[in-house]
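First comes the structure, then the notes that go with it.
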Amino acid sequence: MIRRKGLFVLVAAVSIAACESFKEAMTAHVDVAARAGTQELSSQHLADVLSASRVPMRKEVFEDFAKLWVDYQLLGHSAANGDSLTDRKAIDEAAWGVIAQARLQKFYEQVSKSMTVDSATEANYNQGRLLSARHILFLTPQQGATPAQIDSVRRVAESVRARVTPANFEAIAKKSSQDPGSAKNGGLLPLFGAGEMVPEFEQATRALKPGEISPLVRTQFGFHIIERMPYAQVKDDFSKAWTAKARNVADSTYVSQLEAAGKIEVKKDASAKVKAIAKDPDAFRDDKTVLATSTAGTFTGASLVRWLKTLPPQARPQIAQAPDSVLPDFVKAMVRNELMLKRADSLKITVDSAEMNQLYTGVKTVVTQLWGGLGIDPKSLADSGKTAAERERVAGARVDRYLDDLIAGKRQYVRVPDEIASLLRAKYDWKIIPQGIDRALERAQKVRSASDSAAKASQPQSAVPLPGGPPTSAPPTSAPPATQPKP
């Protein structure tokens with residue numbers, strides 16, 4: 001019996017200890033918003049820093065700050081250990097997007113040589129697939145114009161048309177045209193193709209032979225006198241525009257053929273996943289959800305994360321907020337890249353050693369610049385600490401001070417390129433703790449609310465009634481007498 005009682009006491013003690021350990025673990029979990037290397041970002045410090053600023057009290061803002069803290073602290077950790085991130089295999093992986101784009105550029109240059117492009121001949125110009133014209137515009141009122149007003153403008157335009165010839169068109173356009181964009185150029189417009197001008201203007205231009213001048217042409221803007229330019233006068237401009245247009249046509253044809261051969265199929269439910277990935281790419285680095293299939297293989301969430309890193313930073317929020325209807329085409333464009341990389345593989349297109357060496361050198365240069373910008377270069381850290389642990393503490397403290405000053409507007413923002421951030425996160429330990437972010441946001445919201453209330457209460461009441469404010473009683477026109485007058 002004693003034994004059984006002793007066993008019960010032991011079990012109870014273990015259970016209590018386990019509960020206390022769980023409680024401590026959970027408390028510690030919410031009191032830390034992020035970890036990087038040997039440093040921690042406490043929820044309290046995160047709340048203090050952001051509540052004192054004027055940044056919006058939104059979770060994504062706190063998450064972005066924590067991610068920036070992680071990148072800066074990992075840079076501090078690397079500086080404290082004298083690591084300028086020179087592992088070439090790791091750089092190849094982190095800079096996958098840069099290397100892929102370089103290969104795609106080489107692939108395009110090689111493929112474009114075999115594309116057939118029509119020549120910019122006078123015959124093509126005369127056919128009108130690209131038009132060049134100059135005009136003189138007489139504006140009519142856009143709204144509420146009376147027939148008399150329109151007729152007045154027409155008479156002015158007719159009088160000018162009677163005097164216009166190819167020889168004096170430029171001079172009269174500079175003097176009389178009311179189109180501010182083209183008048184200074186003698187009425188000359190950029191070359192245009194089908195559908196790029198209002199229909200009446202395009203049709204009238206097409207009806208002219210090169211060198212001919214039209215009668216008055218009425219459009220929604222007013223009355224135009226149009227001259228279709230002779231080929232000899234626009235030969236160079238036509239050649240450039242025609243070549244660019246023909247190249248675009250050839251590119252579109254190639255892409256269409258690539259898609260057909262690649263058998264791209266985007267999954268019906270891909271849009272929701274694409275938006276989630278665009279909001280937080282780091283959370284989907286290893287995601288195996290299939291977004292699309294093609295002859296290049298499966299295109300997963302992790303595949304999309306890699307391609308997102310090749311886009312400008314502002315593209316990600318735009319993708320996250322885009323209508324679902326446009327996202328399948330976006331996924332299809334990313335899969336096309338994969339198909340082209342596969343073809344580049346078959347053609348043995350690679351980035352040469354000189355270019356790769358330039359990339360490796362560039363990484364070291366950027367890391368050194370980032371250290372200097374944050375005030376954590378290894379030399380200054382070595383002067384402040386003998387051991388790696390001491391240098392890590394010093395670097396961590398400097399990063400925290402830098403971020404405090406950054407939020408206060410005292411320092412310039414130092415952007416960490418995605419490739420460098422990927423290198424750091426792949427090599428060193430780090431973690432963003434959602435519960436800690438939530439705790440920081442909750443605390444900051446309370447502080448901000450109390451601060452706003454105190455500021456509002458300290459403001460003197462205005463003697464002038466504000467729109468929508470409570471009614472105020474009007475002051476008496478004169479003070480009442482202190483005592484009643486004697487009869």
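Every chain in the structure tokens has a letter given in the order shown (A, B, ...), and although residue numbers restart at 1 in each chain, ligands are simply numbered from 1 in the order shown.
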Contact residues around stretch 423-432 of chain A with only C-alpha atoms at 7 Å, ignoring same-chain residues under 6 positions, as a list in words:
Ala33, Ala34, Arg35, Ala36, Gly37, Val70, Leu74, Ala90, Ile91 and Ala94 of chain A
Please produce an output containing N, CA and C atoms for each residue in the selection, written as a tab-separated table (two decimals), in the first residue's frame.
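Saved the output as part_16.tsv:
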chain	number	residue	atom	x	y	z
A	33	ALA	N	9.20	36.61	-30.37
A	33	ALA	CA	8.60	36.79	-31.70
A	33	ALA	C	9.46	36.18	-32.79
A	34	ALA	N	10.78	36.13	-32.58
A	34	ALA	CA	11.67	35.58	-33.60
A	34	ALA	C	13.00	35.20	-32.97
A	35	ARG	N	13.67	34.25	-33.63
A	35	ARG	CA	15.02	33.87	-33.23
A	35	ARG	C	15.89	33.87	-34.48
A	36	ALA	N	17.16	34.25	-34.30
A	36	ALA	CA	18.11	34.24	-35.41
A	36	ALA	C	19.50	34.03	-34.84
A	37	GLY	N	20.12	32.91	-35.20
A	37	GLY	CA	21.42	32.62	-34.61
A	37	GLY	C	21.26	32.45	-33.11
A	70	VAL	N	15.33	39.24	-38.59
A	70	VAL	CA	16.02	37.97	-38.80
A	70	VAL	C	17.17	38.13	-39.79
A	74	LEU	N	21.04	37.66	-38.76
A	74	LEU	CA	21.86	36.61	-39.37
A	74	LEU	C	23.10	37.21	-40.04
A	90	ALA	N	26.16	26.65	-52.17
A	90	ALA	CA	25.05	27.34	-51.52
A	90	ALA	C	24.64	28.59	-52.31
A	91	ILE	N	25.62	29.28	-52.88
A	91	ILE	CA	25.33	30.46	-53.70
A	91	ILE	C	24.54	30.05	-54.95
A	94	ALA	N	20.98	29.54	-53.81
A	94	ALA	CA	20.31	30.78	-53.42
A	94	ALA	C	20.08	31.71	-54.60
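Per DSSP on the backbone, strand (DSSP E or B) in stretch 181-425 of chain A comprises Leu188, Phe192, Ile213, Val217, Arg218, Gly222, Phe223, His224, Ile225, Ile226, Glu227, Arg228, Glu265, Val266, Val290, Leu291, Ala292, Thr293, Ser294, Gly297, Thr298, Phe299 and Thr300 of chain A.
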What would the file look like if the residues just selected were written as a PDB file, in the first residue's frame with N, CA and C atoms?
ATOM      1  N   LEU A 188       3.421  65.724 -86.262  1.00  0.00           N
ATOM      2  CA  LEU A 188       3.830  64.334 -86.491  1.00  0.00           C
ATOM      3  C   LEU A 188       3.479  63.462 -85.286  1.00  0.00           C
ATOM      4  N   PHE A 192       1.664  54.047 -85.830  1.00  0.00           N
ATOM      5  CA  PHE A 192       0.598  53.312 -85.145  1.00  0.00           C
ATOM      6  C   PHE A 192       0.071  52.196 -86.034  1.00  0.00           C
ATOM      7  N   ILE A 213      -3.014  64.420 -98.572  1.00  0.00           N
ATOM      8  CA  ILE A 213      -3.617  65.136 -97.448  1.00  0.00           C
ATOM      9  C   ILE A 213      -5.133  64.936 -97.523  1.00  0.00           C
ATOM     10  N   VAL A 217     -11.593  65.645 -91.251  1.00  0.00           N
ATOM     11  CA  VAL A 217     -12.023  64.381 -90.646  1.00  0.00           C
ATOM     12  C   VAL A 217     -12.567  64.692 -89.252  1.00  0.00           C
ATOM     13  N   ARG A 218     -13.806  64.293 -89.008  1.00  0.00           N
ATOM     14  CA  ARG A 218     -14.438  64.578 -87.709  1.00  0.00           C
ATOM     15  C   ARG A 218     -14.254  63.369 -86.784  1.00  0.00           C
ATOM     16  N   GLY A 222     -12.585  66.565 -82.390  1.00  0.00           N
ATOM     17  CA  GLY A 222     -12.787  67.764 -83.209  1.00  0.00           C
ATOM     18  C   GLY A 222     -12.565  67.446 -84.676  1.00  0.00           C
ATOM     19  N   PHE A 223     -11.998  68.438 -85.400  1.00  0.00           N
ATOM     20  CA  PHE A 223     -11.745  68.292 -86.835  1.00  0.00           C
ATOM     21  C   PHE A 223     -10.244  68.169 -87.089  1.00  0.00           C
ATOM     22  N   HIS A 224      -9.882  67.199 -87.931  1.00  0.00           N
ATOM     23  CA  HIS A 224      -8.473  66.939 -88.242  1.00  0.00           C
ATOM     24  C   HIS A 224      -8.210  67.148 -89.721  1.00  0.00           C
ATOM     25  N   ILE A 225      -7.001  67.650 -90.018  1.00  0.00           N
ATOM     26  CA  ILE A 225      -6.441  67.597 -91.362  1.00  0.00           C
ATOM     27  C   ILE A 225      -5.272  66.634 -91.265  1.00  0.00           C
ATOM     28  N   ILE A 226      -5.296  65.565 -92.048  1.00  0.00           N
ATOM     29  CA  ILE A 226      -4.321  64.480 -91.908  1.00  0.00           C
ATOM     30  C   ILE A 226      -3.468  64.363 -93.175  1.00  0.00           C
ATOM     31  N   GLU A 227      -2.178  64.223 -92.988  1.00  0.00           N
ATOM     32  CA  GLU A 227      -1.285  63.880 -94.094  1.00  0.00           C
ATOM     33  C   GLU A 227      -0.624  62.544 -93.781  1.00  0.00           C
ATOM     34  N   ARG A 228      -0.765  61.582 -94.695  1.00  0.00           N
ATOM     35  CA  ARG A 228      -0.035  60.327 -94.542  1.00  0.00           C
ATOM     36  C   ARG A 228       1.383  60.553 -95.038  1.00  0.00           C
ATOM     37  N   GLU A 265      -1.210  22.472 -68.261  1.00  0.00           N
ATOM     38  CA  GLU A 265      -2.529  22.368 -67.642  1.00  0.00           C
ATOM     39  C   GLU A 265      -2.443  22.935 -66.230  1.00  0.00           C
ATOM     40  N   VAL A 266      -3.180  24.041 -65.994  1.00  0.00           N
ATOM     41  CA  VAL A 266      -3.197  24.674 -64.673  1.00  0.00           C
ATOM     42  C   VAL A 266      -4.345  24.082 -63.869  1.00  0.00           C
ATOM     43  N   VAL A 290       0.696  20.670 -56.253  1.00  0.00           N
ATOM     44  CA  VAL A 290       0.837  20.808 -57.707  1.00  0.00           C
ATOM     45  C   VAL A 290      -0.095  21.904 -58.207  1.00  0.00           C
ATOM     46  N   LEU A 291       0.479  22.940 -58.799  1.00  0.00           N
ATOM     47  CA  LEU A 291      -0.299  24.044 -59.365  1.00  0.00           C
ATOM     48  C   LEU A 291      -0.564  23.841 -60.845  1.00  0.00           C
ATOM     49  N   ALA A 292       0.340  23.151 -61.517  1.00  0.00           N
ATOM     50  CA  ALA A 292       0.193  22.915 -62.960  1.00  0.00           C
ATOM     51  C   ALA A 292       1.081  21.748 -63.378  1.00  0.00           C
ATOM     52  N   THR A 293       0.782  21.217 -64.544  1.00  0.00           N
ATOM     53  CA  THR A 293       1.614  20.153 -65.125  1.00  0.00           C
ATOM     54  C   THR A 293       1.960  20.518 -66.563  1.00  0.00           C
ATOM     55  N   SER A 294       3.051  19.967 -67.038  1.00  0.00           N
ATOM     56  CA  SER A 294       3.482  20.173 -68.428  1.00  0.00           C
ATOM     57  C   SER A 294       4.490  19.093 -68.770  1.00  0.00           C
ATOM     58  N   GLY A 297       7.294  18.658 -66.403  1.00  0.00           N
ATOM     59  CA  GLY A 297       7.060  18.027 -65.111  1.00  0.00           C
ATOM     60  C   GLY A 297       5.995  18.759 -64.321  1.00  0.00           C
ATOM     61  N   THR A 298       5.941  18.501 -63.018  1.00  0.00           N
ATOM     62  CA  THR A 298       4.955  19.159 -62.161  1.00  0.00           C
ATOM     63  C   THR A 298       5.495  20.510 -61.708  1.00  0.00           C
ATOM     64  N   PHE A 299       4.607  21.496 -61.661  1.00  0.00           N
ATOM     65  CA  PHE A 299       4.958  22.839 -61.182  1.00  0.00           C
ATOM     66  C   PHE A 299       4.279  23.007 -59.832  1.00  0.00           C
ATOM     67  N   THR A 300       5.077  23.046 -58.766  1.00  0.00           N
ATOM     68  CA  THR A 300       4.558  23.044 -57.398  1.00  0.00           C
ATOM     69  C   THR A 300       4.600  24.429 -56.765  1.00  0.00           C
TER      70      THR A 300
END
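Ranking A:Leu50, A:Leu104, A:Ala244, A:Ala80 by their shortest atom-to-atom distance to A:Arg391, with only C-alpha atoms included, puts A:Ala80 first.
Between atom CA of A:Asn168 and atom CA of A:Phe238 the interatomic distance comes to 22.7 Å.
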Would you mind listing what lies within 12 Å of A:Ala261 as a PDB file with C-alpha atoms, in the first residue's frame, with only C-alpha atoms counted and same-chain residues fewer than 2 positions away left out?
ATOM      1  CA  TYR A 254       7.140  30.843 -80.770  1.00  0.00           C
ATOM      2  CA  VAL A 255       5.474  31.071 -77.336  1.00  0.00           C
ATOM      3  CA  SER A 256       2.184  29.753 -78.730  1.00  0.00           C
ATOM      4  CA  GLN A 257       3.979  26.791 -80.268  1.00  0.00           C
ATOM      5  CA  LEU A 258       5.887  26.229 -77.008  1.00  0.00           C
ATOM      6  CA  GLU A 259       2.659  26.164 -75.011  1.00  0.00           C
ATOM      7  CA  LYS A 263       0.767  20.682 -72.840  1.00  0.00           C
ATOM      8  CA  ILE A 264       0.397  23.121 -69.950  1.00  0.00           C
ATOM      9  CA  GLU A 265      -2.529  22.368 -67.642  1.00  0.00           C
ATOM     10  CA  SER A 294       3.482  20.173 -68.428  1.00  0.00           C
ATOM     11  CA  THR A 295       6.018  18.168 -70.359  1.00  0.00           C
ATOM     12  CA  ALA A 296       8.619  19.826 -68.099  1.00  0.00           C
ATOM     13  CA  ARG A 336       6.564  28.544 -69.892  1.00  0.00           C
ATOM     14  CA  LEU A 339       9.674  24.719 -70.538  1.00  0.00           C
ATOM     15  CA  MET A 340      12.248  27.122 -71.958  1.00  0.00           C
ATOM     16  CA  ARG A 343      14.906  23.387 -73.947  1.00  0.00           C
TER      17      ARG A 343
END
Please identify which residues in stretch 158-330 of chain A DSSP calls alpha helix (DSSP H) from the backbone, and express them as JSON, numbers by chain.
{"A": [158, 159, 160, 161, 169, 170, 171, 172, 173, 174, 175, 176, 199, 200, 201, 202, 203, 204, 205, 206, 231, 232, 233, 234, 235, 236, 237, 238, 239, 240, 241, 242, 243, 244, 245, 246, 247, 248, 249, 250, 251, 252, 253, 254, 255, 256, 257, 258, 259, 260, 261, 262, 270, 271, 272, 273, 274, 275, 276, 277, 278, 279, 301, 302, 303, 304, 305, 306, 307, 308, 315, 316, 317, 318, 319, 320, 327, 328, 329, 330]}
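Among the candidates A:Leu208, A:Ala388, A:Ile349, A:Ala194, the one nearest to A:Arg129 when counting only C-alpha atoms is A:Ala194.
Our summary of the geometry notes that atom CA of A:Leu308 is positioned 28.6 Å from atom CA of A:Lys245.
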Tell me which protein, DNA and RNA residues are within 12 Å of A:Gly195, counting only C-alpha atoms, leaving out same-chain ones fewer than 5 positions away, and put them as a VMD selection string.
chain A and resid 129 to 131 200 to 203
Keeping only C-alpha atoms, write the selected residues to a file as a PDB file, in the first residue's frame.
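In the end it all went to again.pdb:
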ATOM      1  CA  ARG A 129       0.338  47.505 -91.505  1.00  0.00           C
ATOM      2  CA  LEU A 130       2.088  50.386 -89.729  1.00  0.00           C
ATOM      3  CA  LEU A 131       0.930  53.927 -90.441  1.00  0.00           C
ATOM      4  CA  GLU A 200     -12.410  57.625 -87.856  1.00  0.00           C
ATOM      5  CA  PHE A 201      -8.788  58.774 -87.725  1.00  0.00           C
ATOM      6  CA  GLU A 202      -7.360  55.354 -88.639  1.00  0.00           C
ATOM      7  CA  GLN A 203      -9.814  54.828 -91.513  1.00  0.00           C
TER       8      GLN A 203
END
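Shortest separation to A:Ala246 among A:Ile136, A:Met356, A:Ala120, A:Val351 occurs at residue A:Ala120, atoms counted being only C-alpha atoms.
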Which polymer residues have any atom within 6 Å of an atom of A:Ser177, counting only C-alpha atoms, with same-chain residues fewer than 4 positions away left out, as a list in words?
Ile136, Leu137, Ala173 and Ala183 of chain A
